[in-house]
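Report on the following structure.
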Amino acid sequence: MTRPSYADSDARLASLLLHHEIATFNNEYAAALDEQRLTDWAEMFADDALYVILSRENFDRNLPVGLIYCENKGMIRDRAFALKETAMFAPRYLRHMIANQAVLSEAPDGTITARANYVVLQVLYDRPDATLHQVGVYHDKFRRVDGVLKLAERRCVYDNLLVDNALCLPI
């Protein structure tokens, strides 16, 4: 029986730690949205981040048009501010479930490509039951900014054929 080399062990440990770091990030992301801490949510992005919510059909055809399209952190902050301070929509609770996370690659420049499935459940204050709000896949690029993991890109690709007409809170 051959034993793995120290280099192999170091690589496996680094891979495990990176996966854990991204899982922890996604847990914090879900908590920020579920608790409607939209300012905290916006701070999870790099300054030049891209945040898009688009259909699977458009994603598969490489069409960039989405329901929400923010080209930088300023646009993401504006969206958070508008939702928090000016937008009018029925009060609701959301619950984000993020699973099947995978780290796909790490580029020489430090960009980490990852993917995770998501399910968002919604409860309106005046309704007795939870409904499936959206289901899909996050296609992510992460980057470290001052040593902290940030989203450089998050494409929320939803599988739903129809989307609730009140897609007011981020996915």
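Just remember, in the structure tokens the first chain shown is A, the second B, etc., residues are 1-based per chain, and ligands are 1-based in the order shown.
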Might you pull out every residue within 6 Å of region 96-110 of chain A, with only C-alpha atoms counted and same-chain residues fewer than 3 positions away left off, and present them as a PDB file with N, CA and C atoms, in the first residue's frame?
```pdb
ATOM      1  N   ALA A  30     -27.389  33.348   2.428  1.00  0.00           N
ATOM      2  CA  ALA A  30     -28.787  32.964   2.635  1.00  0.00           C
ATOM      3  C   ALA A  30     -29.357  33.647   3.884  1.00  0.00           C
ATOM      4  N   THR A 113     -14.162  29.473  -9.479  1.00  0.00           N
ATOM      5  CA  THR A 113     -15.424  29.199 -10.150  1.00  0.00           C
ATOM      6  C   THR A 113     -16.135  28.104  -9.361  1.00  0.00           C
ATOM      7  N   ALA A 114     -17.415  28.353  -9.054  1.00  0.00           N
ATOM      8  CA  ALA A 114     -18.180  27.399  -8.246  1.00  0.00           C
ATOM      9  C   ALA A 114     -19.615  27.349  -8.743  1.00  0.00           C
ATOM     10  N   ARG A 115     -20.322  26.349  -8.251  1.00  0.00           N
ATOM     11  CA  ARG A 115     -21.730  26.171  -8.612  1.00  0.00           C
ATOM     12  C   ARG A 115     -22.456  25.604  -7.401  1.00  0.00           C
ATOM     13  N   ALA A 116     -23.740  25.977  -7.253  1.00  0.00           N
ATOM     14  CA  ALA A 116     -24.575  25.423  -6.179  1.00  0.00           C
ATOM     15  C   ALA A 116     -26.033  25.484  -6.604  1.00  0.00           C
ATOM     16  N   ASN A 117     -26.797  24.509  -6.187  1.00  0.00           N
ATOM     17  CA  ASN A 117     -28.236  24.540  -6.418  1.00  0.00           C
ATOM     18  C   ASN A 117     -28.890  25.388  -5.341  1.00  0.00           C
ATOM     19  N   TYR A 118     -30.008  26.024  -5.682  1.00  0.00           N
ATOM     20  CA  TYR A 118     -30.759  26.783  -4.686  1.00  0.00           C
ATOM     21  C   TYR A 118     -32.254  26.540  -4.837  1.00  0.00           C
ATOM     22  N   VAL A 119     -32.938  26.655  -3.723  1.00  0.00           N
ATOM     23  CA  VAL A 119     -34.399  26.641  -3.653  1.00  0.00           C
ATOM     24  C   VAL A 119     -34.784  27.791  -2.744  1.00  0.00           C
ATOM     25  N   VAL A 120     -35.755  28.595  -3.171  1.00  0.00           N
ATOM     26  CA  VAL A 120     -36.247  29.696  -2.340  1.00  0.00           C
ATOM     27  C   VAL A 120     -37.736  29.460  -2.089  1.00  0.00           C
TER      28      VAL A 120
END
```
Tell me, as a ChimeraX atom specification, which residues lie within 8 Å of region 39-43 of chain A, counting only C-alpha atoms; anything in the same chain fewer than 2 positions away does not count.
/A:29,32-33,37,45-46,73,76-77,80-81
For C-alpha atoms, I'd like the residues from the last selection saved as a short mmCIF file (atom, residue, chain, number, x, y, z; two decimals), in the first residue's frame.
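Result went into part_37.cif, see below:
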```
data_model
loop_
_atom_site.label_atom_id
_atom_site.label_comp_id
_atom_site.auth_asym_id
_atom_site.auth_seq_id
_atom_site.Cartn_x
_atom_site.Cartn_y
_atom_site.Cartn_z
CA TYR A 29 -25.55 34.90 2.01
CA ALA A 32 -28.61 37.91 5.02
CA LEU A 33 -31.40 37.53 2.47
CA ARG A 37 -30.32 42.45 5.76
CA PHE A 45 -19.96 41.46 -3.70
CA ALA A 46 -16.73 42.82 -5.19
CA LYS A 73 -21.62 46.88 -6.63
CA ILE A 76 -26.39 46.16 -6.27
CA ARG A 77 -26.34 48.73 -3.44
CA ALA A 80 -30.77 47.02 -1.84
CA PHE A 81 -31.51 50.65 -0.91
#
```
Assign secondary structure with DSSP using the backbone only, and return the residues of chain A in strand (DSSP E or B) as a PyMOL selection string.
chain A and resi 45-55+68-70+92-106+112-124+131-145+148-158
How many Å separate CA of Gly74 (chain A) from CA of Ile112 (chain A)?
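Separation between CA of Gly74 (chain A) and CA of Ile112 (chain A): 22.3 Å.
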Run DSSP on the backbone and grab whatever in chain A lands in alpha helix (DSSP H); send it over as a PyMOL selection string.
chain A and resi 6-34+38-42+56-60+73-81
Include N, CA and C atoms and write out the residues we just selected as a CSV table (one decimal), in the first residue's frame.
```
chain,number,residue,atom,x,y,z
A,6,TYR,N,2.9,14.1,1.1
A,6,TYR,CA,2.5,15.4,1.8
A,6,TYR,C,1.9,16.4,0.9
A,7,ALA,N,2.5,16.5,-0.3
A,7,ALA,CA,1.9,17.4,-1.3
A,7,ALA,C,0.5,17.1,-1.7
A,8,ASP,N,0.2,15.8,-1.8
A,8,ASP,CA,-1.2,15.4,-2.1
A,8,ASP,C,-2.1,15.7,-0.9
A,9,SER,N,-1.6,15.5,0.3
A,9,SER,CA,-2.4,15.8,1.5
A,9,SER,C,-2.6,17.3,1.6
A,10,ASP,N,-1.6,18.1,1.3
A,10,ASP,CA,-1.8,19.5,1.3
A,10,ASP,C,-2.8,20.0,0.3
A,11,ALA,N,-2.8,19.4,-0.9
A,11,ALA,CA,-3.7,19.8,-1.9
A,11,ALA,C,-5.2,19.4,-1.5
A,12,ARG,N,-5.3,18.2,-1.0
A,12,ARG,CA,-6.7,17.8,-0.5
A,12,ARG,C,-7.2,18.7,0.6
A,13,LEU,N,-6.3,19.0,1.5
A,13,LEU,CA,-6.7,19.9,2.6
A,13,LEU,C,-7.1,21.3,2.1
A,14,ALA,N,-6.3,21.8,1.2
A,14,ALA,CA,-6.6,23.1,0.7
A,14,ALA,C,-7.9,23.1,-0.1
A,15,SER,N,-8.2,22.0,-0.8
A,15,SER,CA,-9.5,21.9,-1.5
A,15,SER,C,-10.6,21.8,-0.5
A,16,LEU,N,-10.5,21.0,0.5
A,16,LEU,CA,-11.5,20.9,1.6
A,16,LEU,C,-11.8,22.2,2.3
A,17,LEU,N,-10.7,23.0,2.6
A,17,LEU,CA,-10.9,24.3,3.2
A,17,LEU,C,-11.6,25.3,2.3
A,18,LEU,N,-11.3,25.3,1.0
A,18,LEU,CA,-11.9,26.2,0.1
A,18,LEU,C,-13.4,25.8,0.0
A,19,HIS,N,-13.7,24.6,-0.1
A,19,HIS,CA,-15.1,24.1,-0.2
A,19,HIS,C,-15.9,24.6,1.0
A,20,HIS,N,-15.3,24.4,2.2
A,20,HIS,CA,-15.9,24.9,3.5
A,20,HIS,C,-16.1,26.4,3.5
A,21,GLU,N,-15.1,27.1,3.0
A,21,GLU,CA,-15.2,28.6,3.0
A,21,GLU,C,-16.3,29.0,2.1
A,22,ILE,N,-16.5,28.4,0.9
A,22,ILE,CA,-17.6,28.8,0.0
A,22,ILE,C,-18.9,28.4,0.6
A,23,ALA,N,-19.0,27.2,1.3
A,23,ALA,CA,-20.2,26.8,1.9
A,23,ALA,C,-20.6,27.8,3.1
A,24,THR,N,-19.6,28.2,3.8
A,24,THR,CA,-19.9,29.2,4.9
A,24,THR,C,-20.3,30.5,4.3
A,25,PHE,N,-19.7,30.9,3.2
A,25,PHE,CA,-20.1,32.1,2.5
A,25,PHE,C,-21.6,32.0,2.1
A,26,ASN,N,-22.0,30.9,1.5
A,26,ASN,CA,-23.4,30.7,1.0
A,26,ASN,C,-24.3,30.7,2.2
A,27,ASN,N,-23.9,30.1,3.3
A,27,ASN,CA,-24.8,30.1,4.5
A,27,ASN,C,-25.1,31.6,5.0
A,28,GLU,N,-24.0,32.4,5.0
A,28,GLU,CA,-24.1,33.8,5.4
A,28,GLU,C,-24.9,34.6,4.4
A,29,TYR,N,-24.8,34.3,3.1
A,29,TYR,CA,-25.6,34.9,2.0
A,29,TYR,C,-27.0,34.6,2.2
A,30,ALA,N,-27.4,33.3,2.4
A,30,ALA,CA,-28.8,33.0,2.6
A,30,ALA,C,-29.4,33.6,3.9
A,31,ALA,N,-28.6,33.7,4.9
A,31,ALA,CA,-29.1,34.3,6.2
A,31,ALA,C,-29.3,35.8,6.0
A,32,ALA,N,-28.4,36.5,5.3
A,32,ALA,CA,-28.6,37.9,5.0
A,32,ALA,C,-29.9,38.2,4.3
A,33,LEU,N,-30.2,37.4,3.2
A,33,LEU,CA,-31.4,37.5,2.5
A,33,LEU,C,-32.6,37.1,3.3
A,34,ASP,N,-32.6,36.0,4.0
A,34,ASP,CA,-33.7,35.5,4.7
A,34,ASP,C,-34.1,36.5,5.8
A,38,LEU,N,-30.3,43.6,3.6
A,38,LEU,CA,-29.9,43.8,2.3
A,38,LEU,C,-28.6,44.6,2.1
A,39,THR,N,-28.3,45.4,3.1
A,39,THR,CA,-27.0,46.2,3.1
A,39,THR,C,-25.9,45.1,3.3
A,40,ASP,N,-26.1,44.2,4.2
A,40,ASP,CA,-25.1,43.1,4.4
A,40,ASP,C,-24.9,42.3,3.1
A,41,TRP,N,-26.1,42.0,2.5
A,41,TRP,CA,-26.1,41.2,1.2
A,41,TRP,C,-25.2,41.9,0.2
A,42,ALA,N,-25.4,43.2,0.0
A,42,ALA,CA,-24.7,44.0,-1.0
A,42,ALA,C,-23.2,44.0,-0.8
A,56,ARG,N,-33.2,29.7,-17.3
A,56,ARG,CA,-32.4,28.6,-17.9
A,56,ARG,C,-32.3,28.7,-19.4
A,57,GLU,N,-33.4,29.0,-20.0
A,57,GLU,CA,-33.5,29.1,-21.5
A,57,GLU,C,-32.5,30.1,-22.0
A,58,ASN,N,-32.5,31.3,-21.4
A,58,ASN,CA,-31.5,32.4,-21.8
A,58,ASN,C,-30.1,32.0,-21.5
A,59,PHE,N,-29.8,31.4,-20.3
A,59,PHE,CA,-28.5,30.9,-20.0
A,59,PHE,C,-28.0,29.9,-21.0
A,60,ASP,N,-28.8,28.9,-21.3
A,60,ASP,CA,-28.4,27.9,-22.2
A,60,ASP,C,-28.1,28.4,-23.6
A,73,LYS,N,-21.2,46.8,-8.0
A,73,LYS,CA,-21.6,46.9,-6.6
A,73,LYS,C,-22.5,48.1,-6.4
A,74,GLY,N,-22.2,49.2,-7.1
A,74,GLY,CA,-23.1,50.4,-7.0
A,74,GLY,C,-24.5,50.1,-7.4
A,75,MET,N,-24.7,49.3,-8.4
A,75,MET,CA,-26.1,49.0,-8.9
A,75,MET,C,-26.7,48.0,-7.8
A,76,ILE,N,-25.9,47.1,-7.3
A,76,ILE,CA,-26.4,46.2,-6.3
A,76,ILE,C,-26.8,46.9,-5.0
A,77,ARG,N,-26.0,47.9,-4.6
A,77,ARG,CA,-26.3,48.7,-3.4
A,77,ARG,C,-27.6,49.5,-3.7
A,78,ASP,N,-27.7,50.1,-4.9
A,78,ASP,CA,-29.0,50.8,-5.3
A,78,ASP,C,-30.2,50.0,-5.2
A,79,ARG,N,-30.1,48.7,-5.6
A,79,ARG,CA,-31.2,47.8,-5.5
A,79,ARG,C,-31.5,47.5,-4.1
A,80,ALA,N,-30.5,47.3,-3.3
A,80,ALA,CA,-30.8,47.0,-1.8
A,80,ALA,C,-31.4,48.2,-1.2
A,81,PHE,N,-30.9,49.4,-1.5
A,81,PHE,CA,-31.5,50.7,-0.9
A,81,PHE,C,-33.0,50.8,-1.3
```
In Å, rounded to a single decimal, give me how far CA of Val123 (chain A) is from CA of Asn160 (chain A).
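Separation of CA of Asn160 (chain A) and CA of Val123 (chain A): 17.7 Å.
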Measuring between only C-alpha atoms, which one of A:Gln36, A:Gln122, A:Thr86, A:Thr111 shows the shortest distance to Val135 (chain A)?
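With only C-alpha atoms as the atom set, the closest residue is A:Gln122.
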For each of A:Lys150, A:Arg155, A:Arg92, A:Arg61, take the minimum atom-to-atom distance to His133 (chain A), counting only C-alpha atoms, then give the residue where this is smallest.
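Smallest distance to His133 (chain A) is found for A:Arg92.
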Two-atom distance - CA of Ile171 (chain A), CA of Ile53 (chain A) (Å)
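Pair CA of Ile171 (chain A) / CA of Ile53 (chain A) returns 7.6 Å.
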